[in-house]
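Have a look at run24.cif below; it lists mmCIF, C-alpha atoms and all ligand atoms; chains and numbers go by the auth columns.
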```cif
data_target
loop_
_atom_site.group_PDB
_atom_site.id
_atom_site.type_symbol
_atom_site.label_atom_id
_atom_site.label_comp_id
_atom_site.label_asym_id
_atom_site.label_seq_id
_atom_site.Cartn_x
_atom_site.Cartn_y
_atom_site.Cartn_z
_atom_site.B_iso_or_equiv
_atom_site.auth_seq_id
_atom_site.auth_asym_id
ATOM 1 C CA MET A 1 106.545 93.064 94.790 0.00 6 C
ATOM 2 C CA ALA A 2 109.278 90.551 95.372 0.00 7 C
ATOM 3 C CA MET A 3 109.417 88.191 98.348 0.00 8 C
ATOM 4 C CA ASN A 4 106.643 88.681 100.894 0.00 9 C
ATOM 5 C CA ILE A 5 107.065 87.549 104.456 0.00 10 C
ATOM 6 C CA CYS A 6 103.895 87.674 106.497 0.00 11 C
ATOM 7 C CA HIS A 7 102.670 87.649 110.066 0.00 12 C
ATOM 8 C CA ARG A 8 99.465 85.606 109.966 0.00 13 C
ATOM 9 C CA LEU A 9 97.139 86.729 107.183 0.00 14 C
ATOM 10 C CA CYS A 10 98.525 90.025 106.004 0.00 15 C
ATOM 11 C CA CYS A 11 96.821 93.239 104.925 0.00 16 C
ATOM 12 C CA SER A 12 93.101 92.437 104.951 0.00 17 C
ATOM 13 C CA SER A 13 93.180 91.319 108.575 0.00 18 C
ATOM 14 C CA GLY A 14 95.296 94.244 109.688 0.00 19 C
ATOM 15 C CA TYR A 15 98.427 92.180 110.125 0.00 20 C
ATOM 16 C CA TRP A 16 101.636 93.420 108.622 0.00 21 C
ATOM 17 C CA ALA A 17 103.587 91.958 105.769 0.00 22 C
ATOM 18 C CA LYS A 18 107.224 92.540 105.038 0.00 23 C
ATOM 19 C CA THR A 19 108.353 92.692 101.429 0.00 24 C
ATOM 20 C CA VAL A 20 111.974 92.224 100.425 0.00 25 C
ATOM 21 C CA GLU A 21 112.962 93.939 97.176 0.00 26 C
ATOM 22 C CA PRO A 22 116.590 94.259 95.981 0.00 27 C
ATOM 23 C CA GLN A 23 116.069 97.085 93.462 0.00 28 C
ATOM 24 C CA GLY A 24 116.288 100.388 95.339 0.00 29 C
ATOM 25 C CA ALA A 25 114.017 102.413 93.042 0.00 30 C
ATOM 26 C CA LEU A 26 111.384 99.680 93.055 0.00 31 C
ATOM 27 C CA ALA A 27 111.605 99.311 96.836 0.00 32 C
ATOM 28 C CA GLN A 28 110.917 103.073 97.114 0.00 33 C
ATOM 29 C CA ARG A 29 107.930 102.841 94.755 0.00 34 C
ATOM 30 C CA LEU A 30 106.513 99.929 96.761 0.00 35 C
ATOM 31 C CA GLN A 31 107.041 101.896 99.953 0.00 36 C
ATOM 32 C CA SER A 32 105.063 104.873 98.677 0.00 37 C
ATOM 33 C CA LYS A 33 102.258 102.690 97.295 0.00 38 C
ATOM 34 C CA TYR A 34 101.929 100.022 100.018 0.00 39 C
ATOM 35 C CA GLY A 35 103.861 101.487 102.952 0.00 40 C
ATOM 36 C CA ASP A 36 100.669 101.853 105.002 0.00 41 C
ATOM 37 C CA ARG A 37 100.101 98.075 104.816 0.00 42 C
ATOM 38 C CA ALA A 38 103.552 96.537 104.511 0.00 43 C
ATOM 39 C CA ARG A 39 107.096 97.214 105.538 0.00 44 C
ATOM 40 C CA ILE A 40 109.260 97.317 102.440 0.00 45 C
ATOM 41 C CA ILE A 41 112.824 96.137 102.977 0.00 46 C
ATOM 42 C CA HIS A 42 115.455 97.061 100.417 0.00 47 C
ATOM 43 C CA GLY A 43 117.391 93.796 100.490 0.00 48 C
ATOM 44 C CA ASP A 44 117.888 90.264 99.238 0.00 49 C
ATOM 45 C CA GLY A 45 115.416 87.458 99.848 0.00 50 C
ATOM 46 C CA ALA A 46 118.385 85.103 100.305 0.00 51 C
ATOM 47 C CA ASP A 47 119.640 87.129 103.269 0.00 52 C
ATOM 48 C CA THR A 48 116.819 89.186 104.762 0.00 53 C
ATOM 49 C CA GLY A 49 118.279 89.915 108.199 0.00 54 C
ATOM 50 C CA LEU A 50 114.786 89.251 109.615 0.00 55 C
ATOM 51 C CA PRO A 51 114.302 87.380 112.900 0.00 56 C
ATOM 52 C CA THR A 52 114.331 83.589 112.977 0.00 57 C
ATOM 53 C CA ALA A 53 111.028 81.675 113.301 0.00 58 C
ATOM 54 C CA ASP A 54 108.927 84.843 113.367 0.00 59 C
ATOM 55 C CA PHE A 55 106.626 84.565 110.340 0.00 60 C
ATOM 56 C CA SER A 56 103.647 82.426 109.400 0.00 61 C
ATOM 57 C CA SER A 57 104.181 82.507 105.634 0.00 62 C
ATOM 58 C CA VAL A 58 106.638 83.427 102.922 0.00 63 C
ATOM 59 C CA VAL A 59 105.460 83.835 99.338 0.00 64 C
ATOM 60 C CA CYS A 60 107.349 84.447 96.096 0.00 65 C
ATOM 61 C CA PHE A 61 105.482 85.187 92.879 0.00 66 C
ATOM 62 C CA THR A 62 107.153 85.311 89.450 0.00 67 C
ATOM 63 C CA MET A 63 110.456 85.962 91.144 0.00 68 C
ATOM 64 C CA MET A 64 112.642 82.887 91.545 0.00 69 C
ATOM 65 C CA HIS A 65 113.798 82.936 87.896 0.00 70 C
ATOM 66 C CA HIS A 66 115.389 86.337 88.592 0.00 71 C
ATOM 67 C CA VAL A 67 117.605 84.847 91.291 0.00 72 C
ATOM 68 C CA PRO A 68 120.860 84.398 89.409 0.00 73 C
ATOM 69 C CA THR A 69 122.091 80.872 90.258 0.00 74 C
ATOM 70 C CA PRO A 70 120.749 77.612 91.740 0.00 75 C
ATOM 71 C CA PRO A 71 123.009 77.954 94.833 0.00 76 C
ATOM 72 C CA VAL A 72 121.593 81.440 95.544 0.00 77 C
ATOM 73 C CA GLN A 73 118.076 80.083 94.979 0.00 78 C
ATOM 74 C CA ASN A 74 118.871 77.370 97.538 0.00 79 C
ATOM 75 C CA GLN A 75 120.028 80.088 99.956 0.00 80 C
ATOM 76 C CA LEU A 76 116.693 81.819 99.458 0.00 81 C
ATOM 77 C CA PHE A 77 114.828 78.560 100.240 0.00 82 C
ATOM 78 C CA ALA A 78 116.979 78.198 103.374 0.00 83 C
ATOM 79 C CA GLU A 79 116.235 81.801 104.365 0.00 84 C
ATOM 80 C CA ALA A 80 112.490 81.256 103.902 0.00 85 C
ATOM 81 C CA PHE A 81 112.798 78.187 106.121 0.00 86 C
ATOM 82 C CA ARG A 82 114.776 80.107 108.770 0.00 87 C
ATOM 83 C CA VAL A 83 112.307 82.994 109.134 0.00 88 C
ATOM 84 C CA LEU A 84 109.208 80.748 109.261 0.00 89 C
ATOM 85 C CA GLN A 85 107.649 79.553 112.496 0.00 90 C
ATOM 86 C CA PRO A 86 107.077 75.791 112.820 0.00 91 C
ATOM 87 C CA GLY A 87 103.964 75.073 110.776 0.00 92 C
ATOM 88 C CA GLY A 88 104.650 78.075 108.541 0.00 93 C
ATOM 89 C CA ILE A 89 104.020 77.891 104.803 0.00 94 C
ATOM 90 C CA PHE A 90 106.373 78.699 101.962 0.00 95 C
ATOM 91 C CA ALA A 91 104.455 79.095 98.699 0.00 96 C
ATOM 92 C CA GLY A 92 105.015 80.589 95.307 0.00 97 C
ATOM 93 C CA SER A 93 104.599 80.450 91.584 0.00 98 C
ATOM 94 C CA ASP A 94 106.793 81.056 88.579 0.00 99 C
ATOM 95 C CA GLY A 95 107.115 80.310 84.894 0.00 100 C
ATOM 96 C CA VAL A 96 108.497 77.045 83.538 0.00 101 C
ATOM 97 C CA ASP A 97 111.447 77.104 81.165 0.00 102 C
ATOM 98 C CA SER A 98 110.504 77.380 77.484 0.00 103 C
ATOM 99 C CA ILE A 99 111.755 79.156 74.375 0.00 104 C
ATOM 100 C CA PRO A 100 109.103 81.936 74.660 0.00 105 C
ATOM 101 C CA PHE A 101 110.027 82.371 78.347 0.00 106 C
ATOM 102 C CA ARG A 102 113.698 82.724 77.368 0.00 107 C
ATOM 103 C CA ILE A 103 112.842 85.183 74.579 0.00 108 C
ATOM 104 C CA ALA A 104 110.792 87.277 77.014 0.00 109 C
ATOM 105 C CA HIS A 105 113.895 87.494 79.198 0.00 110 C
ATOM 106 C CA PHE A 106 116.392 88.316 76.475 0.00 111 C
ATOM 107 C CA ARG A 107 119.292 90.155 78.133 0.00 112 C
ATOM 108 C CA ASP A 108 117.625 89.717 81.530 0.00 113 C
ATOM 109 C CA THR A 109 118.433 87.291 84.346 0.00 114 C
ATOM 110 C CA CYS A 110 116.552 84.088 83.564 0.00 115 C
ATOM 111 C CA ASN A 111 117.163 81.061 85.729 0.00 116 C
ATOM 112 C CA PRO A 112 113.830 79.205 85.870 0.00 117 C
ATOM 113 C CA LEU A 113 113.300 76.493 88.469 0.00 118 C
ATOM 114 C CA ASP A 114 113.075 72.937 87.199 0.00 119 C
ATOM 115 C CA PRO A 115 109.792 71.689 88.692 0.00 120 C
ATOM 116 C CA GLN A 116 111.120 68.089 88.628 0.00 121 C
ATOM 117 C CA LEU A 117 113.972 69.066 90.958 0.00 122 C
ATOM 118 C CA LEU A 118 112.015 71.481 93.132 0.00 123 C
ATOM 119 C CA PRO A 119 110.567 68.956 95.637 0.00 124 C
ATOM 120 C CA ASP A 120 114.043 67.640 96.440 0.00 125 C
ATOM 121 C CA ARG A 121 115.515 71.143 96.707 0.00 126 C
ATOM 122 C CA LEU A 122 112.765 72.225 99.111 0.00 127 C
ATOM 123 C CA ALA A 123 113.164 69.021 101.130 0.00 128 C
ATOM 124 C CA ARG A 124 116.919 69.668 101.393 0.00 129 C
ATOM 125 C CA ALA A 125 116.111 73.108 102.829 0.00 130 C
ATOM 126 C CA GLY A 126 114.111 71.273 105.523 0.00 131 C
ATOM 127 C CA PHE A 127 110.544 71.591 104.220 0.00 132 C
ATOM 128 C CA VAL A 128 107.977 68.794 104.399 0.00 133 C
ATOM 129 C CA ASP A 129 104.610 68.188 102.719 0.00 134 C
ATOM 130 C CA VAL A 130 106.009 69.657 99.527 0.00 135 C
ATOM 131 C CA GLU A 131 103.539 70.008 96.658 0.00 136 C
ATOM 132 C CA VAL A 132 104.553 71.177 93.186 0.00 137 C
ATOM 133 C CA GLU A 133 102.030 71.582 90.383 0.00 138 C
ATOM 134 C CA VAL A 134 102.734 72.426 86.756 0.00 139 C
ATOM 135 C CA LYS A 135 99.926 73.746 84.565 0.00 140 C
ATOM 136 C CA HIS A 136 99.763 75.913 81.440 0.00 141 C
ATOM 137 C CA GLY A 137 103.459 76.817 81.505 0.00 142 C
ATOM 138 C CA GLU A 138 103.360 77.809 85.168 0.00 143 C
ATOM 139 C CA GLN A 139 104.541 76.024 88.284 0.00 144 C
ATOM 140 C CA ARG A 140 103.376 76.564 91.799 0.00 145 C
ATOM 141 C CA TRP A 141 104.549 75.108 95.058 0.00 146 C
ATOM 142 C CA ARG A 142 103.602 74.873 98.680 0.00 147 C
ATOM 143 C CA ALA A 143 105.766 73.513 101.480 0.00 148 C
ATOM 144 C CA VAL A 144 105.593 73.431 105.266 0.00 149 C
ATOM 145 C CA LYS A 145 108.230 74.026 107.932 0.00 150 C
ATOM 146 C CA PRO A 146 107.806 71.127 110.372 0.00 151 C
HETATM 147 C C1 LIG B . 109.063 89.731 87.499 0.00 201 W
HETATM 148 S S1 LIG B . 109.128 90.671 88.996 0.00 201 W
HETATM 149 C C2 LIG B . 107.709 90.002 89.795 0.00 201 W
HETATM 150 C C3 LIG B . 107.023 90.992 90.634 0.00 201 W
HETATM 151 C C4 LIG B . 105.771 90.512 91.355 0.00 201 W
HETATM 152 N N1 LIG B . 106.065 89.464 92.304 0.00 201 W
HETATM 153 C C5 LIG B . 104.708 90.093 90.407 0.00 201 W
HETATM 154 O O1 LIG B . 104.381 88.897 90.371 0.00 201 W
HETATM 155 O O2 LIG B . 104.197 90.923 89.668 0.00 201 W
HETATM 156 C C6 LIG B . 110.494 89.916 89.892 0.00 201 W
HETATM 157 C C7 LIG B . 110.851 90.642 91.154 0.00 201 W
HETATM 158 O O3 LIG B . 111.746 89.824 91.932 0.00 201 W
HETATM 159 C C8 LIG B . 112.702 90.676 92.498 0.00 201 W
HETATM 160 N N2 LIG B . 113.878 89.903 92.929 0.00 201 W
HETATM 161 C C9 LIG B . 114.894 89.437 92.179 0.00 201 W
HETATM 162 N N3 LIG B . 115.822 88.828 92.932 0.00 201 W
HETATM 163 C C10 LIG B . 115.376 88.900 94.218 0.00 201 W
HETATM 164 C C11 LIG B . 115.904 88.480 95.479 0.00 201 W
HETATM 165 N N4 LIG B . 117.088 87.861 95.561 0.00 201 W
HETATM 166 N N5 LIG B . 115.194 88.737 96.597 0.00 201 W
HETATM 167 C C12 LIG B . 113.997 89.361 96.519 0.00 201 W
HETATM 168 N N6 LIG B . 113.448 89.799 95.359 0.00 201 W
HETATM 169 C C13 LIG B . 114.129 89.572 94.220 0.00 201 W
HETATM 170 C C14 LIG B . 112.991 91.672 91.378 0.00 201 W
HETATM 171 O O4 LIG B . 113.689 92.796 91.817 0.00 201 W
HETATM 172 C C15 LIG B . 111.569 91.967 90.916 0.00 201 W
HETATM 173 O O5 LIG B . 110.961 92.962 91.675 0.00 201 W
#
```

Take the structure from the file and write it as structure tokens.
Ligand SMILES: C[S@@+](CC[C@H](N)C(=O)[O-])C[C@H]1O[C@@H](n2cnc3c(N)ncnc32)[C@H](O)[C@@H]1O
Amino acid sequence: MAMNICHRLCCSSGYWAKTVEPQGALAQRLQSKYGDRARIIHGDGADTGLPTADFSSVVCFTMMHHVPTPPVQNQLFAEAFRVLQPGGIFAGSDGVDSIPFRIAHFRDTCNPLDPQLLPDRLARAGFVDVEVEVKHGEQRWRAVKP
């Protein structure tokens, strides 16, 4: 699952989530597996086409390093900001750059976020209360749309 965009607490509470996945075959697989609980959108998290200020949270897990360039990553942050309601949360996790991480992505897109730069990048997208934590080769973040 790629970028999840949620109305309130998704799934368990009966609310719907929307998942944006750019790979067509994967989007179809997600649709058949989770289509009863989520709407799967075959598209790009940097340009979802979803309504503005309509969602309570956006989450990205193990995904940002697959977004090909820092400017496109910044577009994705801006898109997360756009679709969130005031008070909405943008959260995620991803690997931190390392030689093993690079080897695991040999011949694959690998553009890991620099956790030192992430707070400023999220602030530039408009987020406040940005928290970034790095632990055991992983980073996770949480930020709020004011
Ligand atoms: C390593 S998988 C992670 C899958 C899942 N989130 C997990 O943690 O198991 C990365 C996913 O991000 C998706 N992805 C890459 N670029 C994307 C983008 N611009 N918008 C949304 N999803 C994207 C890929 O197609 C892939 O499904």

>> Nearest residue to C:His70 out of C:Gly100, C:Pro91, C:Gly54, C:Gly48, using only C-alpha atoms?
In response: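 Among C:Gly100, C:Pro91, C:Gly54, C:Gly48, it is C:Gly100 that comes nearest to C:His70.
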
> How many Å lie between atom O5 of ligand LIG 201 (chain W) and atom CA of C:Gln28, rounded to one decimal?
Replying inline: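 Here the two named atoms are 6.8 Å from each other.
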
>> Using all atoms listed in the file, which protein or nucleic acid residues come within 12 Å of C:Met68? Drop anything in the same chain fewer than 2 positions from it, and give the result as an NGL selection string.
In response: :C and (6-9 or 25-27 or 49-50 or 64-66 or 70-73 or 78 or 81 or 96-101 or 114-118 or 144-145)

Size and centre in Å, one decimal, axis-aligned box, all listed ligand LIG 201 (chain W) atoms plus 6 Å per side, as JSON:
```
{"center_x": 110.6, "center_y": 90.4, "center_z": 92.0, "size_x": 24.9, "size_y": 17.1, "size_z": 21.1}
```

> How far is it from atom CA of C:Ser61 to atom CA of C:Leu35, in Å with one decimal?
Replying inline: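 Taking atom CA of C:Ser61 as the start and atom CA of C:Leu35 as the end point, the length is 21.8 Å.
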
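If you apply the PyMOL selection byres (((chain C and resi 92) around 6) and not hetatm) to this structure, you end up with Pro91, Gly93, Val149, Lys150 and Pro151 of chain C.
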
Selection file, C-alpha atoms, as an mmCIF file, keeping the file's coordinate frame:
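Contents of again.cif, as written:
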```cif
data_model
loop_
_atom_site.group_PDB
_atom_site.id
_atom_site.type_symbol
_atom_site.label_atom_id
_atom_site.label_comp_id
_atom_site.auth_asym_id
_atom_site.auth_seq_id
_atom_site.Cartn_x
_atom_site.Cartn_y
_atom_site.Cartn_z
ATOM 1 C CA PRO C 91 107.077 75.791 112.820
ATOM 2 C CA GLY C 93 104.650 78.075 108.541
ATOM 3 C CA VAL C 149 105.593 73.431 105.266
ATOM 4 C CA LYS C 150 108.230 74.026 107.932
ATOM 5 C CA PRO C 151 107.806 71.127 110.372
#
```

>> Using Å and a single decimal, report how far atom CA of C:Thr53 sits from atom CA of C:Arg126.
In response: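 Result for atom CA of C:Arg126 versus atom CA of C:Thr53: 19.8 Å, one decimal.
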